[in-house]
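What follows is a short report on a single structure.
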Amino acid sequence: MRVYVPLTLSGLAEAYKTGELGSGPFVAYAVTPALREWYLSDDIEELEYAALNRAALASLRLVALDPGAPRRRVVVAVDVPDGAAVADPDRGLDQSALGEVRVGGAVALAKAAAVHLDSDEAEADVTAAVDVLGAADRGDDDAQFVVDGAEDHVLLWFATQEIPNLVGLGD
């Protein structure tokens with residue numbers, strides 16, 4: 001099963017150093033029954049992209065919680081065994097939990113398929129979105145417009161071999 005793990009760049013650096021994503025149960029995003037129902041599509045690529053975007057929003061929230069983190073969203077796509085990631089049935093209809101799954105334990109970074117990361121050009125919009133995220137959550141339409149501006153940036157795809165360069169540990 002493919003899951004999308006939201007991180008910050010510092011979280012990606014830590015995963016690179018330890019060789020693992022997560023240290024216990026952690027939140028990721030995947031194509032869940034609730035996401036399928038919400039997205040109304042049978043196209044697996046579209047559904048995977050929707051799960052990736054849900055993880056990107058979760059990454060934005062992580063960036064907001066870490067004042068020292070570079071203002072770029074990071075999502076790692078990783079394959080886990082079926083059953084290793086489970087959706088909470090009690091939150092199935094909760095809009096904020098669409099696509100959310102819990103991964104039971106640490107996953108080797110070597111299992112990652114790719115890293116998705118904002119470009120440098122997205123930093124200003126991500127910074128602005130971080131600054132108004134709370135207001136957007138409270139229903140402020142202007143703030144939501146700013147958050148949507150960050151979400152308009154398509155995350156770039158990187159091979160896992162590029163992680164050292166992405167986190168500043170490369171040659």
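Note on naming: chains are A, B, ... as they come in the structure tokens, residues start from 1 per chain, ligands start from 1 in the order shown.
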Practice item. Excluding region 5-16 of chain A and residues on its chain fewer than 4 positions from it, collect all residues at most 7 Å away from it, counting only C-alpha atoms, and give them as JSON, numbers by chain. Key: {"A": [20, 21, 28, 29, 55, 56, 58, 59, 62, 63, 69, 70, 73, 74, 75, 76, 77, 109, 167]}
Practice item. Mind checking which residues fall within 8 Å of Arg2 (chain A), counting only C-alpha atoms, ignoring those fewer than 6 positions away in the same chain, and posting them as a PyMOL selection string? Key: chain A and resi 30+77-80
Point to revise | Non-local contacts of Gly22 (chain A) (9 Å; only C-alpha atoms; under 4 positions in same chain excluded) as a VMD selection string | key: chain A and resid 15 26 to 27 103 105 to 108
At most 8 Å is the cut-off: for each residue in region 57-122 of chain A with any atom that close to an atom of region 151-159 of chain A, write down the nearest atom pair and the distance in Å rounded to one decimal, counting only C-alpha atoms, chain first then increasing number, as CSV.
```
residue,atom,partner,partner_atom,distance
A:Leu57,CA,A:Glu151,CA,7.5
A:Arg73,CA,A:Leu155,CA,7.9
A:Ala113,CA,A:Ala159,CA,7.3
A:Ala114,CA,A:Ala159,CA,5.0
A:Val115,CA,A:Phe158,CA,5.1
A:His116,CA,A:Trp157,CA,4.7
A:Leu117,CA,A:Leu155,CA,5.0
A:Asp118,CA,A:Leu155,CA,4.8
A:Ser119,CA,A:Leu156,CA,6.6
A:Ala122,CA,A:His153,CA,6.4
```
Mind writing the picked residues with all heavy atoms as a JSON list (two decimals), in the first residue's frame?
```json
[["chain", "number", "residue", "atom", "x", "y", "z"],
["A", 57, "LEU", "N", -1.08, 19.27, 2.82],
["A", 57, "LEU", "CA", -1.73, 20.16, 3.77],
["A", 57, "LEU", "C", -1.27, 19.83, 5.20],
["A", 57, "LEU", "O", -1.02, 20.73, 6.01],
["A", 57, "LEU", "CB", -3.25, 20.05, 3.66],
["A", 57, "LEU", "CG", -4.06, 20.92, 4.63],
["A", 57, "LEU", "CD1", -3.70, 22.40, 4.50],
["A", 57, "LEU", "CD2", -5.55, 20.70, 4.41],
["A", 73, "ARG", "N", 6.83, 22.59, 1.96],
["A", 73, "ARG", "CA", 6.12, 21.36, 2.31],
["A", 73, "ARG", "C", 6.91, 20.17, 1.77],
["A", 73, "ARG", "O", 7.49, 20.23, 0.70],
["A", 73, "ARG", "CB", 4.72, 21.37, 1.71],
["A", 73, "ARG", "CG", 3.85, 22.51, 2.20],
["A", 73, "ARG", "CD", 2.59, 22.67, 1.39],
["A", 73, "ARG", "NE", 2.96, 22.95, 0.00],
["A", 73, "ARG", "CZ", 2.17, 22.75, -1.05],
["A", 73, "ARG", "NH1", 0.95, 22.27, -0.88],
["A", 73, "ARG", "NH2", 2.59, 23.04, -2.27],
["A", 113, "ALA", "N", 9.50, 5.54, -2.09],
["A", 113, "ALA", "CA", 9.48, 5.53, -3.55],
["A", 113, "ALA", "C", 9.94, 6.87, -4.11],
["A", 113, "ALA", "O", 10.57, 6.92, -5.17],
["A", 113, "ALA", "CB", 8.08, 5.22, -4.05],
["A", 114, "ALA", "N", 9.63, 7.96, -3.38],
["A", 114, "ALA", "CA", 9.97, 9.30, -3.87],
["A", 114, "ALA", "C", 9.77, 10.31, -2.76],
["A", 114, "ALA", "O", 9.11, 10.03, -1.76],
["A", 114, "ALA", "CB", 9.09, 9.66, -5.06],
["A", 115, "VAL", "N", 10.33, 11.48, -2.98],
["A", 115, "VAL", "CA", 10.11, 12.63, -2.10],
["A", 115, "VAL", "C", 9.45, 13.71, -2.94],
["A", 115, "VAL", "O", 9.86, 13.96, -4.08],
["A", 115, "VAL", "CB", 11.44, 13.15, -1.52],
["A", 115, "VAL", "CG1", 11.23, 14.41, -0.72],
["A", 115, "VAL", "CG2", 12.11, 12.08, -0.68],
["A", 116, "HIS", "N", 8.44, 14.34, -2.39],
["A", 116, "HIS", "CA", 7.76, 15.46, -3.05],
["A", 116, "HIS", "C", 8.03, 16.70, -2.20],
["A", 116, "HIS", "O", 7.85, 16.67, -0.98],
["A", 116, "HIS", "CB", 6.26, 15.18, -3.14],
["A", 116, "HIS", "CG", 5.95, 13.93, -3.90],
["A", 116, "HIS", "ND1", 5.77, 13.91, -5.26],
["A", 116, "HIS", "CD2", 5.81, 12.65, -3.48],
["A", 116, "HIS", "CE1", 5.53, 12.67, -5.65],
["A", 116, "HIS", "NE2", 5.55, 11.88, -4.59],
["A", 117, "LEU", "N", 8.44, 17.78, -2.84],
["A", 117, "LEU", "CA", 8.92, 18.95, -2.13],
["A", 117, "LEU", "C", 8.54, 20.21, -2.90],
["A", 117, "LEU", "O", 8.61, 20.24, -4.13],
["A", 117, "LEU", "CB", 10.44, 18.85, -1.98],
["A", 117, "LEU", "CG", 11.22, 19.99, -1.39],
["A", 117, "LEU", "CD1", 10.92, 20.14, 0.09],
["A", 117, "LEU", "CD2", 12.71, 19.75, -1.59],
["A", 118, "ASP", "N", 8.20, 21.27, -2.16],
["A", 118, "ASP", "CA", 7.96, 22.56, -2.78],
["A", 118, "ASP", "C", 9.23, 23.09, -3.42],
["A", 118, "ASP", "O", 10.34, 22.89, -2.90],
["A", 118, "ASP", "CB", 7.52, 23.59, -1.72],
["A", 118, "ASP", "CG", 6.02, 23.59, -1.49],
["A", 118, "ASP", "OD1", 5.26, 23.51, -2.47],
["A", 118, "ASP", "OD2", 5.62, 23.70, -0.32],
["A", 119, "SER", "N", 9.08, 23.84, -4.50],
["A", 119, "SER", "CA", 10.20, 24.54, -5.11],
["A", 119, "SER", "C", 10.53, 25.77, -4.28],
["A", 119, "SER", "O", 9.75, 26.19, -3.41],
["A", 119, "SER", "CB", 9.84, 24.96, -6.54],
["A", 119, "SER", "OG", 8.83, 25.96, -6.49],
["A", 122, "ALA", "N", 7.91, 28.53, -4.09],
["A", 122, "ALA", "CA", 6.72, 28.37, -3.25],
["A", 122, "ALA", "C", 6.91, 28.93, -1.84],
["A", 122, "ALA", "O", 5.93, 29.13, -1.12],
["A", 122, "ALA", "CB", 6.34, 26.89, -3.16]]
```
**Study point:** Shell around Val130 (chain A) at 12 Å using only C-alpha atoms, local window under 3 positions removed, as an NGL selection string
**Key:** :A and (57-67 or 69-73 or 123-127 or 133-137 or 143-144 or 146-151)
Exercise for review: Go ahead and compute the interatomic distance for CA of Lys111 (chain A) and CA of Ala50 (chain A), in Å to one decimal.
Suggested key: 21.2 Å
**Study point:** Interatomic distance (Å, one decimal) between CA of Glu121 (chain A) and CA of Glu162 (chain A)
**Key:**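 Computing it gives 19.1 Å between the two atoms.
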Review point. For Ala85 (chain A), which residue out of A:Thr160, A:Lys17, A:Leu47, A:Gly104 is the nearest one, using only C-alpha atoms?
Key: A:Gly104
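One finds CA of Asp131 (chain A) at 13.7 Å from CA of Gly68 (chain A).
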Point to revise | DSSP strand (DSSP E) selection over region 13-112 of chain A, as a PyMOL selection string | key: chain A and resi 20-21+26-29+74-79+85-86+100-103+107-108+112
**Study point:** Those of region 2-146 of chain A in DSSP helix (DSSP H, G or I), formatted as a count of residues only
**Key:** 72
